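Asker: Data: protein_16.csv, CSV, C-alpha atoms and all ligand atoms.
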```csv
chain,number,residue,atom,x,y,z
A,752,MET,CA,-8.4,172.3,109.5
A,753,ILE,CA,-6.1,175.2,110.0
A,754,TYR,CA,-4.8,177.4,107.2
A,755,LEU,CA,-1.1,178.0,107.7
A,756,ASN,CA,1.2,179.7,105.1
A,757,GLY,CA,-0.5,178.5,102.0
A,758,ARG,CA,-1.8,175.1,103.2
A,759,PHE,CA,-4.9,173.7,105.0
A,760,VAL,CA,-3.6,171.2,107.5
A,761,PRO,CA,-5.0,169.4,110.6
A,762,LEU,CA,-4.5,171.3,113.9
A,763,GLU,CA,-1.8,168.9,115.0
A,764,GLU,CA,0.2,169.7,111.9
A,765,ALA,CA,-0.2,173.5,112.1
A,766,THR,CA,3.1,174.2,113.8
A,767,ILE,CA,5.3,177.2,113.7
A,768,SER,CA,8.9,178.0,114.6
A,769,VAL,CA,9.7,179.2,118.2
A,770,LEU,CA,11.5,182.1,116.5
A,771,ASP,CA,8.2,183.3,115.0
A,772,ARG,CA,8.0,187.0,115.8
A,773,GLY,CA,4.4,186.5,116.9
A,774,PHE,CA,5.6,184.1,119.5
A,775,ILE,CA,8.7,186.1,120.5
A,776,PHE,CA,7.4,189.7,120.4
A,777,GLY,CA,3.7,189.5,119.9
A,778,ASP,CA,4.6,191.2,116.6
A,779,GLY,CA,1.5,190.7,114.5
A,780,VAL,CA,-2.2,191.6,114.0
A,781,TYR,CA,-5.4,189.6,113.8
A,782,GLU,CA,-9.0,189.8,112.9
A,783,LEU,CA,-12.1,187.9,113.9
A,784,ILE,CA,-15.0,187.7,111.5
A,785,PRO,CA,-18.4,186.3,112.5
A,786,VAL,CA,-20.0,184.0,110.0
A,787,TYR,CA,-23.7,183.4,110.0
A,788,SER,CA,-25.1,180.5,107.9
A,789,ARG,CA,-21.7,180.3,106.1
A,790,LYS,CA,-21.9,184.1,105.2
A,791,PRO,CA,-19.1,186.3,106.6
A,792,PHE,CA,-20.6,189.3,108.3
A,793,ARG,CA,-19.2,192.7,107.2
A,794,LEU,CA,-16.3,191.0,105.4
A,795,ASN,CA,-15.1,194.1,103.6
A,796,GLU,CA,-15.1,196.2,106.8
A,797,HIS,CA,-13.1,193.5,108.6
A,798,LEU,CA,-10.6,193.3,105.7
A,799,ALA,CA,-10.3,197.1,105.7
A,800,ARG,CA,-9.6,197.1,109.5
A,801,LEU,CA,-7.0,194.3,108.9
A,802,GLN,CA,-5.4,196.5,106.3
A,803,ARG,CA,-5.3,199.5,108.7
A,804,SER,CA,-3.7,197.3,111.4
A,805,LEU,CA,-1.1,196.0,108.9
A,806,ASP,CA,-0.3,199.5,107.8
A,807,ALA,CA,0.0,200.7,111.4
A,808,ILE,CA,2.6,198.0,112.1
A,809,ARG,CA,4.3,198.5,108.7
A,810,LEU,CA,3.7,194.9,107.5
A,811,PRO,CA,2.8,194.5,103.9
A,812,ASN,CA,-0.5,192.7,103.3
A,813,PRO,CA,0.4,189.2,102.2
A,814,HIS,CA,-2.8,188.8,100.2
A,815,SER,CA,-5.0,190.8,97.9
A,816,GLU,CA,-8.7,191.3,98.9
A,817,ALA,CA,-9.7,188.7,96.3
A,818,GLU,CA,-7.2,186.2,97.8
A,819,TRP,CA,-8.6,186.8,101.3
A,820,HIS,CA,-12.1,186.2,100.0
A,821,GLY,CA,-11.0,182.9,98.5
A,822,LEU,CA,-9.2,181.7,101.6
A,823,ILE,CA,-12.1,182.7,103.9
A,824,ASP,CA,-14.6,180.9,101.6
A,825,GLN,CA,-12.4,177.8,101.7
A,826,ILE,CA,-12.0,177.7,105.5
A,827,ILE,CA,-15.7,178.2,106.0
A,828,GLY,CA,-16.4,175.4,103.5
A,829,LEU,CA,-14.1,173.0,105.5
A,830,GLN,CA,-16.2,173.2,108.7
A,831,ALA,CA,-19.2,171.0,109.5
A,832,PHE,CA,-21.1,173.9,111.3
A,833,ASP,CA,-22.8,176.9,109.7
A,834,ASP,CA,-22.2,179.7,112.3
A,835,GLN,CA,-18.5,180.3,112.7
A,836,SER,CA,-15.9,182.7,113.9
A,837,VAL,CA,-13.1,183.0,111.4
A,838,TYR,CA,-9.9,184.0,113.1
A,839,MET,CA,-7.0,185.5,111.0
A,840,HIS,CA,-3.6,186.0,112.4
A,841,ILE,CA,-0.5,187.5,110.6
A,842,THR,CA,2.9,187.9,112.1
A,843,ARG,CA,6.1,189.4,110.9
A,844,GLY,CA,7.5,185.9,110.3
A,845,VAL,CA,10.5,184.0,111.5
A,846,ALA,CA,13.8,185.6,112.1
A,847,LYS,CA,16.8,185.5,114.5
A,848,ARG,CA,15.6,187.3,117.7
A,849,ASP,CA,16.1,191.0,117.2
A,850,HIS,CA,13.7,193.8,118.0
A,851,ALA,CA,14.4,195.5,114.7
A,852,PHE,CA,12.3,194.3,111.7
A,853,PRO,CA,13.8,191.3,109.8
A,854,ALA,CA,15.2,191.8,106.3
A,855,ALA,CA,12.6,193.0,103.8
A,856,GLY,CA,11.2,190.0,102.0
A,857,THR,CA,11.0,187.8,105.2
A,858,PRO,CA,7.7,185.9,104.6
A,859,PRO,CA,5.0,186.7,107.2
A,860,THR,CA,3.3,183.9,109.0
A,861,VAL,CA,-0.4,183.7,108.0
A,862,MET,CA,-2.7,181.5,110.0
A,863,MET,CA,-6.5,181.2,109.9
A,864,MET,CA,-8.9,179.0,111.8
A,865,ALA,CA,-12.7,178.7,112.1
A,866,ASN,CA,-14.5,177.8,115.3
A,867,PRO,CA,-18.2,177.5,116.1
A,868,LEU,CA,-19.5,181.0,116.8
A,869,VAL,CA,-20.5,181.3,120.4
A,870,THR,CA,-22.9,184.2,121.0
A,871,PRO,CA,-24.7,185.1,124.3
A,872,THR,CA,-27.0,182.5,125.8
A,873,SER,CA,-30.7,183.3,126.1
A,874,ALA,CA,-30.2,183.6,129.9
A,875,GLN,CA,-27.5,186.2,129.4
A,876,ILE,CA,-29.7,188.1,127.0
A,877,GLU,CA,-32.7,187.9,129.4
A,878,THR,CA,-30.8,189.1,132.6
A,879,GLY,CA,-27.9,191.0,131.2
A,880,VAL,CA,-24.3,190.5,132.5
A,881,ALA,CA,-22.1,191.9,135.2
A,882,ALA,CA,-19.2,194.2,134.5
A,883,VAL,CA,-16.4,195.6,136.6
A,884,THR,CA,-14.3,198.7,136.0
A,885,ALA,CA,-10.5,199.0,135.9
A,886,VAL,CA,-7.9,201.6,135.0
A,887,ASP,CA,-7.0,201.2,131.3
A,888,ASN,CA,-3.3,200.4,131.5
A,889,ARG,CA,-2.8,199.5,127.8
A,890,TRP,CA,-0.6,201.4,125.4
A,891,LEU,CA,-1.7,204.4,123.2
A,892,ARG,CA,-2.4,202.5,120.0
A,893,CYS,CA,-5.4,200.5,121.0
A,894,ASP,CA,-6.8,201.2,117.5
A,895,ILE,CA,-4.4,198.5,116.2
A,896,LYS,CA,-5.8,195.0,116.4
A,897,GLY,CA,-2.5,193.7,117.6
A,898,ILE,CA,-1.9,190.2,118.9
A,899,SER,CA,0.1,191.5,121.9
A,900,LEU,CA,-2.9,191.2,124.2
A,901,LEU,CA,-1.3,190.7,127.6
A,902,PRO,CA,-3.0,193.8,129.1
A,903,ASN,CA,-6.4,192.8,127.7
A,904,VAL,CA,-5.9,189.3,129.1
A,905,LEU,CA,-5.1,190.6,132.6
A,906,LEU,CA,-7.9,193.1,132.5
A,907,ARG,CA,-10.5,190.5,131.3
A,908,GLN,CA,-9.4,188.2,134.1
A,909,LEU,CA,-10.3,190.8,136.6
A,910,ALA,CA,-13.9,190.4,135.4
A,911,VAL,CA,-13.7,186.6,135.5
A,912,ASP,CA,-12.3,186.7,139.0
A,913,ALA,CA,-15.2,188.9,140.1
A,914,GLY,CA,-17.8,186.6,138.4
A,915,ALA,CA,-18.4,189.2,135.8
A,916,ALA,CA,-18.5,189.1,132.0
A,917,GLU,CA,-16.4,192.2,131.1
A,918,THR,CA,-14.0,194.8,132.5
A,919,ILE,CA,-14.9,198.3,131.4
A,920,LEU,CA,-11.7,200.4,131.0
A,921,LEU,CA,-11.4,203.9,132.3
A,922,ARG,CA,-8.7,206.4,131.3
A,923,GLY,CA,-8.3,209.9,132.7
A,924,GLY,CA,-11.9,209.9,134.0
A,925,PHE,CA,-13.4,208.7,130.7
A,926,MET,CA,-14.9,205.4,129.7
A,927,ILE,CA,-12.9,203.9,126.8
A,928,GLU,CA,-14.1,200.4,125.9
A,929,GLY,CA,-14.2,196.9,127.3
A,930,ALA,CA,-11.2,194.5,127.6
A,931,ALA,CA,-12.5,192.8,124.4
A,932,SER,CA,-15.6,194.8,123.4
A,933,ASN,CA,-16.9,198.3,122.8
A,934,ILE,CA,-19.2,199.9,125.4
A,935,PHE,CA,-22.2,202.1,124.9
A,936,VAL,CA,-24.0,204.1,127.5
A,937,VAL,CA,-27.7,205.1,127.3
A,938,LYS,CA,-29.0,208.1,129.3
A,939,ASP,CA,-32.5,209.6,128.7
A,940,GLU,CA,-32.9,207.7,125.4
A,941,VAL,CA,-29.7,209.0,123.9
A,942,ILE,CA,-26.8,206.6,123.1
A,943,TYR,CA,-23.4,207.8,124.1
A,944,ALA,CA,-20.3,206.3,122.5
A,945,PRO,CA,-16.6,207.1,122.8
A,946,PRO,CA,-15.0,208.5,119.6
A,947,LYS,CA,-12.9,206.3,117.4
A,948,ASN,CA,-9.4,207.3,118.1
A,949,ASN,CA,-6.0,205.8,119.2
A,950,LEU,CA,-7.4,204.8,122.6
A,951,MET,CA,-9.9,202.2,121.4
A,952,LEU,CA,-10.5,199.5,118.9
A,953,PRO,CA,-12.9,200.6,116.2
A,954,GLY,CA,-15.4,197.8,116.5
A,955,ILE,CA,-17.2,196.6,113.4
A,956,THR,CA,-20.2,196.0,115.7
A,957,TYR,CA,-19.8,199.5,117.1
A,958,ASP,CA,-20.4,200.9,113.5
A,959,VAL,CA,-23.4,198.6,113.0
A,960,VAL,CA,-25.0,199.8,116.2
A,961,LEU,CA,-24.6,203.5,115.4
A,962,GLU,CA,-25.9,202.9,111.8
A,963,LEU,CA,-29.0,201.0,113.3
A,964,ALA,CA,-29.5,203.9,115.8
A,965,ALA,CA,-29.5,206.4,113.0
A,966,GLN,CA,-31.8,204.3,110.8
A,967,ASN,CA,-34.3,203.9,113.6
A,968,GLY,CA,-34.3,207.6,114.6
A,969,VAL,CA,-32.5,207.1,117.9
A,970,GLN,CA,-30.2,209.9,118.9
A,971,SER,CA,-26.6,209.1,119.4
A,972,HIS,CA,-23.8,211.3,120.7
A,973,ILE,CA,-20.2,210.4,119.9
A,974,GLY,CA,-17.7,212.0,122.2
A,975,ALA,CA,-15.6,211.3,125.3
A,976,VAL,CA,-17.9,209.5,127.8
A,977,PRO,CA,-17.2,210.7,131.4
A,978,GLU,CA,-17.0,208.0,134.1
A,979,ARG,CA,-19.9,209.7,135.9
A,980,LEU,CA,-22.2,209.2,132.9
A,981,LEU,CA,-21.2,205.5,132.9
A,982,ARG,CA,-22.0,205.3,136.6
A,983,HIS,CA,-25.4,207.0,136.2
A,984,ALA,CA,-26.4,205.3,133.0
A,985,ASP,CA,-29.9,204.0,132.3
A,986,GLU,CA,-28.4,201.3,130.2
A,987,ILE,CA,-24.9,200.0,129.4
A,988,TRP,CA,-24.3,197.8,126.4
A,989,GLN,CA,-21.4,195.7,125.5
A,990,THR,CA,-20.8,195.1,121.7
A,991,SER,CA,-18.5,192.8,119.8
A,992,SER,CA,-18.6,190.3,116.9
A,993,THR,CA,-19.3,187.5,119.4
A,994,ARG,CA,-21.2,189.3,122.2
A,995,GLU,CA,-23.3,191.1,119.6
A,996,VAL,CA,-25.4,193.6,121.7
A,997,LEU,CA,-25.5,192.5,125.3
A,998,ALA,CA,-26.9,194.5,128.3
A,999,VAL,CA,-24.6,195.1,131.2
A,1000,THR,CA,-26.9,195.1,134.2
A,1001,THR,CA,-24.6,195.5,137.1
A,1002,LEU,CA,-21.4,197.6,137.3
A,1003,ASP,CA,-19.0,197.0,140.1
A,1004,GLY,CA,-21.8,195.3,141.9
A,1005,GLU,CA,-24.3,198.2,141.6
A,1006,PRO,CA,-27.4,197.8,139.4
A,1007,VAL,CA,-27.4,199.7,136.1
A,1008,GLY,CA,-30.7,201.5,135.8
A,1009,ASP,CA,-33.3,199.2,137.3
A,1010,GLY,CA,-30.9,196.3,137.1
A,1011,ARG,CA,-32.6,194.7,134.1
A,1012,PRO,CA,-31.8,195.0,130.4
A,1013,GLY,CA,-33.3,198.3,129.1
A,1014,LEU,CA,-35.9,198.8,126.4
A,1015,LEU,CA,-33.6,200.5,124.0
A,1016,GLY,CA,-31.0,197.8,124.3
A,1017,GLN,CA,-33.7,195.2,123.6
A,1018,ARG,CA,-34.8,197.0,120.5
A,1019,MET,CA,-31.2,197.5,119.4
A,1020,LEU,CA,-30.6,193.7,119.7
A,1021,GLU,CA,-33.8,193.1,117.6
A,1022,TRP,CA,-32.6,195.5,114.9
A,1023,TYR,CA,-29.2,193.8,115.0
A,1024,GLN,CA,-30.7,190.3,114.6
A,1025,ALA,CA,-33.0,191.6,111.8
A,1026,TYR,CA,-30.0,193.2,110.1
A,1027,LYS,CA,-28.0,190.0,110.3
A,1028,LEU,CA,-30.9,188.1,108.7
A,1029,SER,CA,-31.1,190.6,105.9
A,1030,VAL,CA,-27.4,190.2,105.2
A,1031,MET,CA,-27.6,186.4,105.3
A,1032,ARG,CA,-30.4,186.4,102.8
A,1033,ALA,CA,-28.7,188.9,100.5
A,1101,LIG,N1,-12.5,196.4,121.6
A,1101,LIG,C1,-11.6,195.4,121.8
A,1101,LIG,C2,-10.5,195.7,122.7
A,1101,LIG,C3,-11.8,194.1,121.2
A,1101,LIG,O1,-11.0,193.1,121.4
A,1101,LIG,C4,-13.0,193.9,120.4
A,1101,LIG,C5,-13.3,192.6,119.9
A,1101,LIG,N2,-12.3,192.1,119.0
A,1101,LIG,C6,-13.9,195.0,120.2
A,1101,LIG,C7,-13.6,196.2,120.8
A,1101,LIG,C8,-15.1,194.8,119.4
A,1101,LIG,O2,-14.8,194.8,118.0
A,1101,LIG,P1,-15.8,194.0,117.0
A,1101,LIG,O3,-17.1,194.6,117.1
A,1101,LIG,O4,-15.1,194.3,115.6
A,1101,LIG,O5,-15.8,192.6,117.3
```
Using structure tokens, write down the structure that the file contains.
Ligand code: PMP
Answerer:
Amino acid sequence: MIYLNGRFVPLEEATISVLDRGFIFGDGVYELIPVYSRKPFRLNEHLARLQRSLDAIRLPNPHSEAEWHGLIDQIIGLQAFDDQSVYMHITRGVAKRDHAFPAAGTPPTVMMMANPLVTPTSAQIETGVAAVTAVDNRWLRCDIKGISLLPNVLLRQLAVDAGAAETILLRGGFMIEGAASNIFVVKDEVIYAPPKNNLMLPGITYDVVLELAAQNGVQSHIGAVPERLLRHADEIWQTSSTREVLAVTTLDGEPVGDGRPGLLGQRMLEWYQAYKLSVMRA
């Protein structure tokens, strides 16, 4: 069942106009919330990021926080499986094709769906995954979780074409993030992470990882990460709501560190799983 503009309908009935500005211009924003044992993970943080994305594109939030909570509970309840990814998508609605915003009061299109949550396999966790690098050719507002993902799609496909799991993006000599994930570098037991700014998406998992590092006495350094630090890393991690904390063990075909998932990354994944369990039980 899909939520579309106030109704829960079967997928086949969830249809929108070809004039929807999401379809025509990619004029909208989205969120993806992981759900463990039917409990949304970091729900308030995801809703806060959604609000920031909406504010950035000047689209009024169609729902209060309480309404979102209700809708998310409903869509979770409609699924037969416990671990889910809840996808939320809001566009600037349907209007005659014109770049300028439609008249105030044009109803936005609101869509939500829930799919089984797909997290890394035990084989991926055990061996780590491959990544390639590419020049970040996206725009300068990558902090907005916008639905216009053509650059991300093309960049991720570079990884797929190379038999890798992610493309790590470089801009002006610095590591920014992955095509659909954040990237951390470990060198001499210090975690290096790029700062949250207009060039990268502020990941919810990114925050969790930095919190867990602080709680466990691991030093982290937030600041521009030079490409050479990435290339000489002891460990590289990819983080996102679905990849969780996943070791990158080859970069552009070269081994990262000794080519196996590092100790700190393994501990971080354990802390992450323990944190998830504590949230689920709360
Ligand atoms: N950066 C980009 C470009 C992404 O698409 C994602 C995943 N949506 C992330 C980072 C990670 O964000 P999160 O931890 O909130 O899933």
Asker: Which residues are near stretch 864-878 of chain A? Cut-off 8 Å, only C-alpha atoms, ignore same chain within fewer than 2 positions. Put them as an mmCIF file with C-alpha atoms, keeping the file's coordinate frame.
Answerer:
```cif
data_model
loop_
_atom_site.group_PDB
_atom_site.id
_atom_site.type_symbol
_atom_site.label_atom_id
_atom_site.label_comp_id
_atom_site.auth_asym_id
_atom_site.auth_seq_id
_atom_site.Cartn_x
_atom_site.Cartn_y
_atom_site.Cartn_z
ATOM 1 C CA MET A 752 -8.400 172.300 109.500
ATOM 2 C CA ILE A 753 -6.100 175.200 110.000
ATOM 3 C CA TYR A 754 -4.800 177.400 107.200
ATOM 4 C CA PRO A 785 -18.400 186.300 112.500
ATOM 5 C CA VAL A 786 -20.000 184.000 110.000
ATOM 6 C CA ILE A 826 -12.000 177.700 105.500
ATOM 7 C CA ILE A 827 -15.700 178.200 106.000
ATOM 8 C CA GLN A 830 -16.200 173.200 108.700
ATOM 9 C CA PHE A 832 -21.100 173.900 111.300
ATOM 10 C CA ASP A 833 -22.800 176.900 109.700
ATOM 11 C CA ASP A 834 -22.200 179.700 112.300
ATOM 12 C CA GLN A 835 -18.500 180.300 112.700
ATOM 13 C CA SER A 836 -15.900 182.700 113.900
ATOM 14 C CA VAL A 837 -13.100 183.000 111.400
ATOM 15 C CA TYR A 838 -9.900 184.000 113.100
ATOM 16 C CA MET A 839 -7.000 185.500 111.000
ATOM 17 C CA MET A 862 -2.700 181.500 110.000
ATOM 18 C CA VAL A 880 -24.300 190.500 132.500
ATOM 19 C CA THR A 993 -19.300 187.500 119.400
ATOM 20 C CA ARG A 994 -21.200 189.300 122.200
ATOM 21 C CA GLU A 995 -23.300 191.100 119.600
ATOM 22 C CA LEU A 997 -25.500 192.500 125.300
ATOM 23 C CA ALA A 998 -26.900 194.500 128.300
ATOM 24 C CA THR A 1000 -26.900 195.100 134.200
ATOM 25 C CA ARG A 1011 -32.600 194.700 134.100
ATOM 26 C CA PRO A 1012 -31.800 195.000 130.400
#
```
Asker: Show me which residues are within 7 Å of ligand LIG 1101 (chain A) counting only C-alpha atoms and all ligand atoms, and format the list as a VMD selection string.
Answerer: chain A and resid 783 928 to 933 951 to 957 990 to 993
Asker: Go ahead and find all residues with at least one atom no further than 12 Å from (-15.5, 204.0, 135.4) in the file's coordinates, using all atoms listed in the file; report them as a ChimeraX atom specification.
Answerer: /A:882-887,918-929,934,936,976-984,987,1002-1003
Asker: Compare A:Pro858, A:Ala851, A:Gln825, A:Ser804 by their minimum atom-to-atom distance to A:Asn949, counting all atoms listed in the file, and give me the closest one.
Answerer: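 Among the listed residues, A:Ser804 lies closest to A:Asn949.
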Asker: Atom CA of A:Ala846 to atom CA of A:Leu770: how many Å, to one decimal?
Answerer: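 Computing the Euclidean distance for atom CA of A:Ala846 and atom CA of A:Leu770 yields 6.1 Å.
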Asker: Please report the interatomic distance between atom CA of A:Asp939 and atom CA of A:Gly1016 in Å with one decimal.
Answerer: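 That distance, rounded to one decimal, is 12.7 Å.
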Asker: Taking only C-alpha atoms into account, which of A:Gly1008, A:Pro902, A:Gly856, A:Gly974 comes nearest A:Asn888?
Answerer: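 For A:Asn888, the nearest of the candidates is A:Pro902.
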Asker: How many Å separate atom CA of A:Trp819 from atom CA of A:Gln989?
Answerer: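 Atom CA of A:Gln989 lies 28.8 Å from atom CA of A:Trp819.
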Asker: Which is closer to A:Gly879 than all the others in A:Ala854, A:Met863, A:Val999, A:Ile784, using all atoms listed in the file?
Answerer: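 The closest residue to A:Gly879 is A:Val999.
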Asker: When you look at A:Gly777 with a cut-off of 7 Å (counting only C-alpha atoms), what residues show up, excluding the ones that are within fewer than 5 positions of it in the same chain? I need them as a tab-separated table (two decimals) with C-alpha atoms, in the frame of the given file.
Answerer:
```tsv
chain	number	residue	atom	x	y	z
A	772	ARG	CA	8.00	187.00	115.80
A	898	ILE	CA	-1.90	190.20	118.90
A	899	SER	CA	0.10	191.50	121.90
```
Asker: Which is closest to A:Asp912 among A:Leu794, A:Leu891, A:Val937, A:Ala881, if we use all atoms listed in the file?
Answerer: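 Counting all atoms listed in the file, the residue closest to A:Asp912 is A:Ala881.
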